[in-house]
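Undergrad: The structure file my_file36.csv (CSV, C-alpha atoms) is provided below.
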```
chain,number,residue,atom,x,y,z
A,22,MET,CA,-44.7,122.6,223.4
A,23,ASN,CA,-42.3,119.9,224.8
A,24,LYS,CA,-38.9,120.4,223.3
A,25,LYS,CA,-37.2,117.6,225.2
A,26,PRO,CA,-37.0,115.1,222.3
A,27,TYR,CA,-35.4,117.7,220.0
A,28,ASN,CA,-33.0,118.8,222.7
A,29,LEU,CA,-31.9,115.3,223.6
A,30,ILE,CA,-31.0,114.7,220.0
A,31,VAL,CA,-28.9,117.9,219.9
A,32,TRP,CA,-27.3,117.1,223.3
A,33,LEU,CA,-26.3,113.6,222.2
A,34,THR,CA,-24.9,114.9,218.9
A,35,LEU,CA,-22.8,117.5,220.5
A,36,VAL,CA,-21.7,115.3,223.4
A,37,MET,CA,-20.7,112.6,221.0
A,38,SER,CA,-18.6,115.1,219.1
A,39,MET,CA,-16.9,116.1,222.3
A,40,VAL,CA,-16.2,112.4,223.3
A,41,SER,CA,-14.8,111.8,219.8
A,42,LEU,CA,-12.0,114.3,220.5
A,43,SER,CA,-8.6,112.9,221.5
A,44,THR,CA,-8.7,111.9,225.2
A,45,ASP,CA,-5.1,113.2,225.9
A,46,GLY,CA,-6.8,116.5,226.9
A,47,ALA,CA,-4.9,118.8,224.5
A,48,GLU,CA,-7.7,118.8,221.9
A,49,LEU,CA,-10.3,119.4,224.5
A,50,THR,CA,-8.8,122.7,225.5
A,51,LEU,CA,-10.3,125.8,224.1
A,52,SER,CA,-8.0,128.6,222.8
A,53,GLY,CA,-6.9,131.2,225.4
A,54,ARG,CA,-6.3,128.9,228.3
A,55,TRP,CA,-3.4,130.1,230.6
A,56,SER,CA,-0.2,128.1,230.4
A,57,ALA,CA,0.7,126.2,233.6
A,58,ASP,CA,3.6,128.6,234.1
A,59,LYS,CA,1.4,131.6,233.9
A,60,ALA,CA,-1.1,130.1,236.4
A,61,ARG,CA,1.8,129.3,238.8
A,62,GLN,CA,3.2,132.8,238.5
A,63,TRP,CA,-0.2,134.2,239.3
A,64,TYR,CA,-0.5,131.9,242.4
A,65,GLN,CA,2.9,132.8,243.6
A,66,GLY,CA,1.8,136.4,243.8
A,67,GLN,CA,-1.0,135.5,246.2
A,68,PRO,CA,-0.8,135.0,250.0
A,69,TRP,CA,-2.0,131.6,251.2
A,70,LEU,CA,-5.7,131.9,250.3
A,71,VAL,CA,-8.0,131.1,253.2
A,72,GLY,CA,-11.7,132.0,253.3
A,73,CYS,CA,-15.3,130.8,253.0
A,74,ASP,CA,-18.2,130.5,250.7
A,75,PHE,CA,-20.0,133.6,251.8
A,76,THR,CA,-23.7,134.6,251.9
A,77,PRO,CA,-24.8,137.2,254.5
A,78,SER,CA,-26.9,135.7,257.2
A,79,THR,CA,-29.9,137.9,256.1
A,80,ALA,CA,-30.1,136.3,252.6
A,81,ILE,CA,-31.7,132.9,251.8
A,82,ASN,CA,-30.1,132.8,248.3
A,83,GLN,CA,-28.2,134.6,245.6
A,84,LEU,CA,-31.2,136.7,244.6
A,85,GLU,CA,-32.0,138.0,248.1
A,86,MET,CA,-28.3,138.7,248.6
A,87,TRP,CA,-28.1,141.0,245.5
A,88,GLN,CA,-31.5,142.5,244.8
A,89,ALA,CA,-31.8,146.1,245.6
A,90,ASP,CA,-34.6,145.8,248.2
A,91,THR,CA,-32.6,143.2,250.2
A,92,PHE,CA,-29.0,144.1,249.5
A,93,ASP,CA,-27.7,144.3,253.1
A,94,LEU,CA,-24.4,146.2,253.1
A,95,LYS,CA,-24.5,146.7,256.9
A,96,THR,CA,-24.6,143.0,257.5
A,97,ILE,CA,-22.0,142.2,254.8
A,98,ASP,CA,-19.6,144.8,256.3
A,99,ARG,CA,-20.0,143.4,259.8
A,100,GLU,CA,-19.7,139.7,258.8
A,101,LEU,CA,-16.7,140.3,256.5
A,102,GLY,CA,-15.1,142.1,259.4
A,103,TRP,CA,-15.5,139.0,261.5
A,104,ALA,CA,-13.9,136.9,258.7
A,105,ALA,CA,-10.9,139.3,258.4
A,106,ASP,CA,-10.6,139.2,262.2
A,107,MET,CA,-9.9,135.5,262.1
A,108,GLY,CA,-7.4,135.8,259.2
A,109,MET,CA,-9.5,135.1,256.2
A,110,ASN,CA,-8.4,136.9,253.1
A,111,THR,CA,-10.8,135.7,250.4
A,112,VAL,CA,-14.5,134.8,249.9
A,113,ARG,CA,-16.3,132.9,247.2
A,114,VAL,CA,-19.6,134.6,246.3
A,115,TYR,CA,-22.5,133.5,244.1
A,116,LEU,CA,-24.1,135.7,241.5
A,117,HIS,CA,-27.2,134.9,239.4
A,118,ASP,CA,-28.2,135.6,235.7
A,119,LEU,CA,-31.6,136.8,236.7
A,120,LEU,CA,-30.0,139.7,238.5
A,121,TRP,CA,-28.5,140.9,235.2
A,122,GLN,CA,-31.9,140.6,233.4
A,123,GLN,CA,-33.7,142.3,236.3
A,124,ASP,CA,-31.5,145.4,236.8
A,125,ARG,CA,-28.1,145.1,235.2
A,126,ASP,CA,-26.8,148.6,236.1
A,127,GLY,CA,-27.9,148.3,239.7
A,128,PHE,CA,-26.5,144.8,239.9
A,129,LEU,CA,-23.1,145.9,238.6
A,130,LYS,CA,-23.2,148.8,241.1
A,131,ARG,CA,-23.9,146.5,244.0
A,132,ILE,CA,-21.1,144.1,243.0
A,133,ASP,CA,-18.8,147.1,243.0
A,134,GLN,CA,-20.0,148.1,246.5
A,135,PHE,CA,-19.5,144.5,247.8
A,136,LEU,CA,-16.0,144.4,246.3
A,137,GLY,CA,-15.3,147.8,248.0
A,138,ILE,CA,-16.4,146.5,251.4
A,139,ALA,CA,-14.4,143.2,251.0
A,140,ASP,CA,-11.3,145.1,249.9
A,141,LYS,CA,-11.6,147.4,253.0
A,142,HIS,CA,-11.2,144.3,255.1
A,143,GLY,CA,-8.3,142.9,253.0
A,144,ILE,CA,-10.5,140.3,251.3
A,145,LYS,CA,-10.4,139.4,247.6
A,146,THR,CA,-13.5,137.9,246.0
A,147,MET,CA,-14.0,134.9,243.8
A,148,LEU,CA,-17.2,135.4,241.8
A,149,VAL,CA,-19.3,132.4,240.8
A,150,LEU,CA,-21.5,133.1,237.8
A,151,CYS,CA,-23.9,130.1,237.7
A,152,ASP,CA,-24.9,127.2,239.8
A,153,ALA,CA,-26.5,123.8,239.0
A,154,VAL,CA,-27.6,123.0,242.5
A,155,TRP,CA,-30.9,123.1,244.4
A,156,ASN,CA,-34.2,124.7,243.3
A,157,PRO,CA,-34.3,124.7,239.4
A,158,HIS,CA,-37.1,127.3,239.2
A,159,PRO,CA,-35.7,130.6,240.4
A,160,LYS,CA,-37.9,133.7,240.4
A,161,PRO,CA,-36.9,137.3,240.8
A,162,GLY,CA,-38.6,139.5,243.4
A,163,LYS,CA,-39.4,138.6,247.0
A,164,GLN,CA,-37.8,135.3,248.0
A,165,PRO,CA,-39.5,132.7,250.3
A,166,GLU,CA,-38.9,132.5,254.0
A,167,PRO,CA,-36.7,129.6,255.2
A,168,LYS,CA,-38.4,126.3,255.9
A,169,PRO,CA,-37.7,125.6,259.5
A,170,HIS,CA,-34.7,123.4,260.2
A,171,LEU,CA,-34.0,122.6,256.5
A,172,HIS,CA,-30.6,122.8,254.9
A,173,ASN,CA,-30.5,125.4,252.1
A,174,SER,CA,-34.3,125.5,251.7
A,175,GLY,CA,-34.3,128.5,249.3
A,176,TRP,CA,-31.1,128.3,247.3
A,177,VAL,CA,-31.7,128.5,243.5
A,178,GLN,CA,-30.1,127.2,240.3
A,179,SER,CA,-28.7,129.6,237.7
A,180,PRO,CA,-29.9,129.5,234.9
A,181,HIS,CA,-33.5,128.4,235.2
A,182,ILE,CA,-33.9,124.8,234.3
A,183,ASP,CA,-36.0,125.7,231.2
A,184,ILE,CA,-33.1,127.7,229.8
A,185,LEU,CA,-30.6,124.9,230.6
A,186,LYS,CA,-32.7,122.3,228.9
A,187,ASP,CA,-33.3,124.3,225.8
A,188,ILE,CA,-29.8,124.7,224.3
A,189,THR,CA,-31.1,127.2,221.8
A,190,SER,CA,-31.7,129.5,224.8
A,191,HIS,CA,-28.2,129.2,226.1
A,192,LYS,CA,-27.2,132.2,224.0
A,193,THR,CA,-29.4,134.4,226.2
A,194,LEU,CA,-26.7,134.0,228.9
A,195,GLU,CA,-23.9,135.5,226.8
A,196,PRO,CA,-24.6,139.2,227.6
A,197,TYR,CA,-24.6,138.3,231.3
A,198,PHE,CA,-21.3,136.5,231.2
A,199,LYS,CA,-19.6,139.1,229.0
A,200,GLY,CA,-21.2,142.0,230.8
A,201,VAL,CA,-20.2,141.0,234.3
A,202,ILE,CA,-16.7,139.7,233.5
A,203,GLY,CA,-16.1,142.6,231.2
A,204,ARG,CA,-17.0,145.1,233.9
A,205,PHE,CA,-14.5,143.6,236.4
A,206,LYS,CA,-12.0,142.0,234.1
A,207,ASP,CA,-9.1,144.1,235.3
A,208,ASP,CA,-10.3,144.8,238.9
A,209,LYS,CA,-7.7,143.7,241.4
A,210,ARG,CA,-10.4,143.1,244.0
A,211,VAL,CA,-11.6,140.1,242.0
A,212,LEU,CA,-9.4,137.1,242.6
A,213,LEU,CA,-10.7,134.8,239.9
A,214,TRP,CA,-13.9,133.7,238.1
A,215,ASP,CA,-15.7,130.4,238.9
A,216,LEU,CA,-17.9,129.9,235.9
A,217,TYR,CA,-20.3,127.2,237.0
A,218,ASN,CA,-20.8,125.5,240.4
A,219,GLU,CA,-21.1,121.8,240.3
A,220,PRO,CA,-22.3,121.3,236.7
A,221,GLY,CA,-24.2,118.1,236.4
A,222,ASN,CA,-25.5,118.0,239.9
A,223,ASP,CA,-29.1,116.8,239.6
A,224,ARG,CA,-32.3,116.8,241.5
A,225,LYS,CA,-35.6,115.1,240.7
A,226,GLU,CA,-37.2,118.5,240.2
A,227,ASP,CA,-34.9,119.1,237.2
A,228,GLY,CA,-37.0,116.6,235.1
A,229,MET,CA,-33.8,115.1,233.7
A,230,THR,CA,-31.7,112.0,234.3
A,231,THR,CA,-28.2,112.4,235.6
A,232,LYS,CA,-26.7,111.7,232.2
A,233,GLU,CA,-29.0,114.2,230.5
A,234,LYS,CA,-28.1,116.9,233.0
A,235,GLU,CA,-24.4,116.2,232.7
A,236,ALA,CA,-24.7,116.3,229.0
A,237,VAL,CA,-26.5,119.7,228.8
A,238,CYS,CA,-24.3,121.2,231.5
A,239,LEU,CA,-21.2,120.2,229.4
A,240,ILE,CA,-22.7,122.0,226.4
A,241,LEU,CA,-23.4,125.1,228.4
A,242,LEU,CA,-20.0,125.0,230.1
A,243,GLU,CA,-18.2,125.0,226.8
A,244,LYS,CA,-20.1,128.1,225.9
A,245,MET,CA,-19.3,129.7,229.2
A,246,PHE,CA,-15.5,129.2,228.8
A,247,THR,CA,-15.8,130.5,225.2
A,248,TRP,CA,-17.6,133.7,226.3
A,249,ALA,CA,-15.1,134.3,229.1
A,250,ARG,CA,-12.1,133.7,226.9
A,251,GLU,CA,-13.5,136.2,224.4
A,252,VAL,CA,-13.5,138.8,227.2
A,253,ASN,CA,-10.0,137.8,228.2
A,254,PRO,CA,-10.0,138.8,231.9
A,255,SER,CA,-6.8,139.4,233.8
A,256,GLN,CA,-8.0,137.0,236.4
A,257,PRO,CA,-7.9,133.2,235.9
A,258,LEU,CA,-10.9,131.0,235.1
A,259,THR,CA,-12.0,127.8,236.8
A,260,THR,CA,-14.8,125.4,237.4
A,261,GLY,CA,-14.6,123.0,240.3
A,262,LEU,CA,-14.3,119.2,240.1
A,263,TRP,CA,-16.7,117.8,242.6
A,264,ASN,CA,-17.9,114.2,241.9
A,265,LYS,CA,-17.0,110.9,240.2
A,266,GLU,CA,-13.5,110.3,239.0
A,267,TRP,CA,-11.4,113.3,238.1
A,268,VAL,CA,-8.7,111.6,236.1
A,269,GLY,CA,-7.9,108.2,234.6
A,270,PRO,CA,-9.8,105.8,232.3
A,271,ASN,CA,-13.1,106.3,234.0
A,272,VAL,CA,-13.1,110.1,233.9
A,273,SER,CA,-16.3,111.6,232.6
A,274,SER,CA,-16.4,113.9,229.6
A,275,LEU,CA,-17.6,116.7,231.9
A,276,ASN,CA,-14.7,116.3,234.3
A,277,GLU,CA,-12.2,115.9,231.5
A,278,PHE,CA,-13.4,119.1,229.9
A,279,ILE,CA,-13.2,121.0,233.3
A,280,ALA,CA,-9.6,119.9,233.9
A,281,ALA,CA,-8.6,120.7,230.4
A,282,ASN,CA,-9.9,124.3,230.4
A,283,SER,CA,-9.5,125.6,233.9
A,284,ASP,CA,-6.5,128.0,234.4
A,285,VAL,CA,-6.3,126.9,238.0
A,286,ILE,CA,-7.7,123.5,239.3
A,287,SER,CA,-10.5,123.9,241.9
A,288,PHE,CA,-12.3,121.1,243.6
A,289,HIS,CA,-14.7,120.3,246.4
A,290,SER,CA,-14.0,118.0,249.3
A,291,TYR,CA,-16.6,117.0,251.8
A,292,GLU,CA,-14.9,113.7,252.6
A,293,ALA,CA,-12.4,112.5,255.3
A,294,LEU,CA,-8.8,113.7,254.9
A,295,SER,CA,-7.6,110.3,253.6
A,296,ARG,CA,-9.9,110.6,250.6
A,297,THR,CA,-9.1,114.3,250.1
A,298,THR,CA,-5.3,113.5,249.9
A,299,GLU,CA,-6.1,110.8,247.3
A,300,ARG,CA,-8.1,113.3,245.3
A,301,VAL,CA,-5.3,115.9,245.5
A,302,GLY,CA,-2.7,113.3,244.5
A,303,SER,CA,-4.7,112.6,241.3
A,304,ILE,CA,-4.7,116.2,240.2
A,305,ARG,CA,-1.3,117.4,241.2
A,306,PRO,CA,0.2,116.1,237.9
A,307,PHE,CA,-1.7,118.9,236.1
A,308,GLY,CA,1.0,121.2,237.5
A,309,ARG,CA,-1.4,124.0,238.2
A,310,PRO,CA,-2.4,125.8,241.4
A,311,LEU,CA,-5.0,123.9,243.5
A,312,LEU,CA,-7.9,125.5,245.3
A,313,CYS,CA,-10.4,123.7,247.4
A,314,THR,CA,-13.5,125.9,246.9
A,315,GLU,CA,-15.8,123.9,249.2
A,316,TYR,CA,-15.1,121.8,252.3
A,317,LEU,CA,-16.3,121.5,255.9
A,318,ALA,CA,-19.0,118.8,256.7
A,319,ARG,CA,-18.1,118.0,260.2
A,320,ALA,CA,-20.0,114.7,260.6
A,321,THR,CA,-18.5,113.3,257.4
A,322,GLY,CA,-15.0,113.9,258.5
A,323,SER,CA,-14.3,117.2,256.6
A,324,LYS,CA,-13.2,119.5,259.5
A,325,PHE,CA,-11.0,122.5,260.1
A,326,GLN,CA,-8.9,120.4,262.4
A,327,THR,CA,-8.1,117.8,259.8
A,328,HIS,CA,-8.1,119.7,256.5
A,329,LEU,CA,-6.9,123.2,257.1
A,330,PRO,CA,-3.4,122.2,258.3
A,331,TYR,CA,-3.1,119.9,255.4
A,332,PHE,CA,-4.1,122.6,252.9
A,333,LYS,CA,-1.6,125.0,254.4
A,334,LYS,CA,1.2,122.5,254.3
A,335,ASN,CA,0.5,121.7,250.7
A,336,LYS,CA,-0.1,125.3,249.6
A,337,ILE,CA,-3.8,124.6,248.6
A,338,ALA,CA,-6.3,127.5,248.9
A,339,ALA,CA,-9.1,126.7,251.3
A,340,TYR,CA,-12.7,127.9,251.2
A,341,ASN,CA,-15.1,126.3,253.8
A,342,TRP,CA,-18.8,126.3,253.0
A,343,GLY,CA,-20.6,128.9,255.0
A,344,PHE,CA,-19.7,131.5,257.6
A,345,VAL,CA,-22.5,133.0,259.7
A,346,ALA,CA,-25.4,130.7,260.3
A,347,GLY,CA,-28.5,132.4,258.8
A,348,LYS,CA,-31.3,132.1,256.4
A,349,ILE,CA,-29.6,129.4,254.3
A,350,GLN,CA,-29.5,127.2,257.4
A,351,THR,CA,-26.5,125.2,256.3
A,352,GLN,CA,-25.6,124.3,259.9
A,353,TYR,CA,-28.3,121.7,259.3
A,354,PRO,CA,-27.1,118.6,257.4
A,355,TRP,CA,-28.1,117.5,253.9
A,356,SER,CA,-30.1,114.7,255.5
A,357,SER,CA,-32.6,117.3,256.8
A,358,TRP,CA,-34.2,116.9,253.4
A,359,GLN,CA,-35.0,113.3,254.3
A,360,LYS,CA,-35.1,113.4,258.1
A,361,LYS,CA,-37.2,115.9,260.1
A,362,PHE,CA,-35.3,118.1,262.5
A,363,THR,CA,-37.0,120.2,265.2
A,364,ALA,CA,-33.8,121.8,266.6
A,365,GLU,CA,-30.3,122.7,265.6
A,366,PRO,CA,-28.0,119.7,265.3
A,367,THR,CA,-25.5,119.2,268.1
A,368,ILE,CA,-22.7,119.1,265.5
A,369,TRP,CA,-23.1,121.7,262.9
A,370,HIS,CA,-22.8,120.6,259.3
A,371,HIS,CA,-21.4,123.8,257.8
A,372,ASP,CA,-20.9,127.4,259.0
A,373,VAL,CA,-18.6,128.9,261.7
A,374,LEU,CA,-20.3,131.7,263.6
A,375,ARG,CA,-23.7,132.4,265.1
A,376,PRO,CA,-25.6,135.6,264.0
A,377,ASP,CA,-24.1,137.5,267.0
A,378,GLY,CA,-20.6,136.6,266.0
A,379,THR,CA,-20.0,134.0,268.6
A,380,PRO,CA,-18.3,130.8,267.3
A,381,PHE,CA,-20.0,127.4,267.1
A,382,ASP,CA,-16.7,126.0,268.3
A,383,THR,CA,-14.2,128.4,269.8
A,384,SER,CA,-11.3,126.0,269.2
A,385,GLU,CA,-12.0,126.1,265.4
A,386,VAL,CA,-11.7,129.9,265.3
A,387,GLU,CA,-8.5,129.7,267.4
A,388,LEU,CA,-7.1,127.2,264.9
A,389,ILE,CA,-8.0,129.3,261.9
A,390,ARG,CA,-6.4,132.3,263.5
A,391,SER,CA,-3.2,130.4,264.4
A,392,LEU,CA,-2.8,129.0,260.9
A,393,THR,CA,-3.5,132.3,259.1
A,394,LYS,CA,-1.3,134.4,261.4
A,395,GLY,CA,1.7,133.1,259.5
A,396,ALA,CA,0.2,133.2,256.0
A,397,PHE,CA,3.0,133.0,253.5
A,398,LYS,CA,3.7,133.7,249.8
A,399,HIS,CA,3.6,130.6,247.6
```
Could you rewrite the structure in this file as structure tokens?
TA:
Amino acid sequence: MNKKPYNLIVWLTLVMSMVSLSTDGAELTLSGRWSADKARQWYQGQPWLVGCDFTPSTAINQLEMWQADTFDLKTIDRELGWAADMGMNTVRVYLHDLLWQQDRDGFLKRIDQFLGIADKHGIKTMLVLCDAVWNPHPKPGKQPEPKPHLHNSGWVQSPHIDILKDITSHKTLEPYFKGVIGRFKDDKRVLLWDLYNEPGNDRKEDGMTTKEKEAVCLILLEKMFTWAREVNPSQPLTTGLWNKEWVGPNVSSLNEFIAANSDVISFHSYEALSRTTERVGSIRPFGRPLLCTEYLARATGSKFQTHLPYFKKNKIAAYNWGFVAGKIQTQYPWSSWQKKFTAEPTIWHHDVLRPDGTPFDTSEVELIRSLTKGAFKH
């Protein structure tokens, strides 16, 4: 049975009720949000946060990273050691709701093991609970092999698109959210919770228009924040701003909601430094800590050499996408989905190291080491 017409009516009803709220931001804020003062105090207790979006080189996606048969602690230990060696003190790591459904006790145990390895290397972890990007039809079990020379050929969305579309199914995610956050709500190895990566990011395989996906992601995101607030973790909550306007008269309802409910403001920047500085200038008035949770796309002007010194000078946490080039193949550009590649690009898109630990660009690693050597308290 096709539920799309029913769901569209519900989406529009709920979204219109959101839009009808006062646009000054206050009434868009759910109860339990940290005050700006509390968020700043938390941030002042952290070193300058520098790290990466981490997936071990032996995993093609979130499922292969965490499932029992392919959970590769040896590789995780080795690669986090390399990250620590260049001065990184934090990583951003993706989870998946299917892992909870498949084997919740084992999943929680493996998260605990990962946190233990990261902590051994002096690294705190940001956990990402869901993701709106790439393949909308995740399946547990054995994951596909990478498609040659294709950027992120096996990455999967969380939740499955059928759950996202059917808002009556959103409630099935509540045990996952409350179970994972509840288990680690006071764990000092967990830096913060990123509830939903790039909500509204759409692909033709989703079977929705951009407006429809933004609308349903907003509905789900409101529930995510509500569930997380009910658990009341000691760590802050965030969801990253990533596209369109973030503030002002043309801000979307989705971005307005994100900014009004995140304890700390996180964002993505794959643009040249001039545009990044404009974006940062637009969100500084929120008076909350700023964390760039994705950057580094060398050919588009987002580079270590340009961005990392700026982030340090302005006390902005910095997470570049990717670390060791592996099965996710994000050294290849996004354009590999439209243009056929037969070999690795001369200029890597993302990622820092080859599988044997040698750098793509030695000068980048030297820069990271030089900037993190003097890491300071905010």
Undergrad: Would you mind reading off the distance between CA of Thr379 (chain A) and CA of Asp93 (chain A), one decimal, in Å?
TA: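 So the answer is 20.1 Å.
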Undergrad: CA of Ala104 (chain A) and CA of Val71 (chain A) are how many Å apart?
TA: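 Computing it gives 9.9 Å between the two atoms.
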Undergrad: Would you kindly return, as a list in words, each protein, DNA or RNA residue with an atom no farther than 8 Å from any atom of region 271-279 of chain A, considering only C-alpha atoms and excluding same-chain residues fewer than 4 positions away?
TA: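 Selected residues are Met39, Val40, Gly46, Leu49, Thr50, Glu235, Ala236, Leu239, Thr259, Thr260, Gly261, Leu262, Lys265, Glu266, Trp267 and Ser283 of chain A.
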Undergrad: From the list A:Gln83, A:Asn218, A:Asn335, A:Thr321, which residue is nearest Arg305 (chain A) when using all atoms listed in the file?
TA: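 Once distances to Arg305 (chain A) are computed over all atoms listed in the file, the minimum belongs to A:Asn335.
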Undergrad: For Val268 (chain A), which residue among A:Leu194, A:Ala281, A:Leu329, A:Ile304 is the nearest when counting all atoms listed in the file?
TA: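 Using all atoms listed in the file, the shortest distance to Val268 (chain A) belongs to A:Ile304.
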Undergrad: Would you please work out which residue, of A:Ile81, A:Val112, A:Asp382, A:Phe205, is nearest to Leu129 (chain A) when using only C-alpha atoms?
TA: A:Phe205
Undergrad: Between A:Lys336, A:Arg224, A:Arg204, A:Arg61, which residue has the minimum interatomic distance to Gln178 (chain A), considering only C-alpha atoms?
TA: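 Among the listed residues, A:Arg224 lies closest to Gln178 (chain A).
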Undergrad: May I ask which of the residues A:Pro68, A:Gly347, A:Pro257, A:Pro306 is the closest one to Gly269 (chain A), counting all atoms listed in the file?
TA: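 Smallest distance to Gly269 (chain A) is found for A:Pro306.
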Undergrad: Compute the distance from (-5.2, 124.7, 263.1) to each atom, counting only C-alpha atoms, keep the residues with any atom at most 7 Å away, and return them as a list in words; use the coordinates of the file.
TA: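 Residues close enough to count: Phe325, Gln326, Leu329, Pro330, Leu388, Ile389, Ser391 and Leu392 of chain A.
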Undergrad: Set the distance at 10 Å and use only C-alpha atoms: which residues neighbour region 169-176 of chain A once local chain neighbours fewer than 6 positions away are removed? I'd like the list as a ChimeraX atom specification.
TA: /A:80-85,152,154-157,159,347-366,370-371
Undergrad: Need the shell around Glu387 (chain A): protein/DNA/RNA residues with any atom at most 12 Å away, counting all atoms listed in the file. Skip same-chain ones fewer than 6 positions apart. Format as an mmCIF file with C-alpha atoms, in the coordinates of the input?
TA:
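File written: selection16.cif
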```
data_model
loop_
_atom_site.group_PDB
_atom_site.id
_atom_site.type_symbol
_atom_site.label_atom_id
_atom_site.label_comp_id
_atom_site.auth_asym_id
_atom_site.auth_seq_id
_atom_site.Cartn_x
_atom_site.Cartn_y
_atom_site.Cartn_z
ATOM 1 C CA ASP A 106 -10.600 139.200 262.200
ATOM 2 C CA MET A 107 -9.900 135.500 262.100
ATOM 3 C CA GLY A 108 -7.400 135.800 259.200
ATOM 4 C CA PHE A 325 -11.000 122.500 260.100
ATOM 5 C CA GLN A 326 -8.900 120.400 262.400
ATOM 6 C CA VAL A 373 -18.600 128.900 261.700
ATOM 7 C CA PRO A 380 -18.300 130.800 267.300
ATOM 8 C CA PHE A 381 -20.000 127.400 267.100
ATOM 9 C CA THR A 393 -3.500 132.300 259.100
ATOM 10 C CA LYS A 394 -1.300 134.400 261.400
#
```
Undergrad: Nearest to Leu317 (chain A): which of A:Asp372, A:Ser384, A:Ser303, A:Phe288 is it, counting all atoms listed in the file?
TA: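 Result for the nearest residue to Leu317 (chain A): A:Asp372.
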Undergrad: What is the CA of Thr96 (chain A) to CA of Ala139 (chain A) distance in Å?
TA: 12.1 Å
Undergrad: Which residues come within 10 Å of Asp208 (chain A), counting all atoms listed in the file, excluding same-chain residues fewer than 3 positions away, as a ChimeraX atom specification?
TA: /A:133,136,202-205,211-212,254-256
Undergrad: Quick one: residues within 7 Å of Asp284 (chain A), all atoms listed in the file counted, chain neighbours fewer than 2 positions away excluded, as a ChimeraX atom specification?
TA: /A:54-55,60,257-259,282,286
Undergrad: List every protein, DNA or RNA residue with an atom no more than 12 Å from (-7.9, 124.5, 250.2) in the file's coordinates, counting all atoms listed in the file, and format the result as a JSON list (two decimals) with C-alpha atoms, in the frame of the given file.
TA:
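Saved the output as point_19.json:
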```json
[["chain", "number", "residue", "atom", "x", "y", "z"],
["A", 69, "TRP", "CA", -2.00, 131.60, 251.20],
["A", 70, "LEU", "CA", -5.70, 131.90, 250.30],
["A", 71, "VAL", "CA", -8.00, 131.10, 253.20],
["A", 72, "GLY", "CA", -11.70, 132.00, 253.30],
["A", 73, "CYS", "CA", -15.30, 130.80, 253.00],
["A", 74, "ASP", "CA", -18.20, 130.50, 250.70],
["A", 111, "THR", "CA", -10.80, 135.70, 250.40],
["A", 286, "ILE", "CA", -7.70, 123.50, 239.30],
["A", 287, "SER", "CA", -10.50, 123.90, 241.90],
["A", 288, "PHE", "CA", -12.30, 121.10, 243.60],
["A", 289, "HIS", "CA", -14.70, 120.30, 246.40],
["A", 290, "SER", "CA", -14.00, 118.00, 249.30],
["A", 291, "TYR", "CA", -16.60, 117.00, 251.80],
["A", 294, "LEU", "CA", -8.80, 113.70, 254.90],
["A", 297, "THR", "CA", -9.10, 114.30, 250.10],
["A", 298, "THR", "CA", -5.30, 113.50, 249.90],
["A", 301, "VAL", "CA", -5.30, 115.90, 245.50],
["A", 310, "PRO", "CA", -2.40, 125.80, 241.40],
["A", 311, "LEU", "CA", -5.00, 123.90, 243.50],
["A", 312, "LEU", "CA", -7.90, 125.50, 245.30],
["A", 313, "CYS", "CA", -10.40, 123.70, 247.40],
["A", 314, "THR", "CA", -13.50, 125.90, 246.90],
["A", 315, "GLU", "CA", -15.80, 123.90, 249.20],
["A", 316, "TYR", "CA", -15.10, 121.80, 252.30],
["A", 317, "LEU", "CA", -16.30, 121.50, 255.90],
["A", 323, "SER", "CA", -14.30, 117.20, 256.60],
["A", 324, "LYS", "CA", -13.20, 119.50, 259.50],
["A", 325, "PHE", "CA", -11.00, 122.50, 260.10],
["A", 327, "THR", "CA", -8.10, 117.80, 259.80],
["A", 328, "HIS", "CA", -8.10, 119.70, 256.50],
["A", 329, "LEU", "CA", -6.90, 123.20, 257.10],
["A", 330, "PRO", "CA", -3.40, 122.20, 258.30],
["A", 331, "TYR", "CA", -3.10, 119.90, 255.40],
["A", 332, "PHE", "CA", -4.10, 122.60, 252.90],
["A", 333, "LYS", "CA", -1.60, 125.00, 254.40],
["A", 334, "LYS", "CA", 1.20, 122.50, 254.30],
["A", 335, "ASN", "CA", 0.50, 121.70, 250.70],
["A", 336, "LYS", "CA", -0.10, 125.30, 249.60],
["A", 337, "ILE", "CA", -3.80, 124.60, 248.60],
["A", 338, "ALA", "CA", -6.30, 127.50, 248.90],
["A", 339, "ALA", "CA", -9.10, 126.70, 251.30],
["A", 340, "TYR", "CA", -12.70, 127.90, 251.20],
["A", 341, "ASN", "CA", -15.10, 126.30, 253.80],
["A", 342, "TRP", "CA", -18.80, 126.30, 253.00]]
```
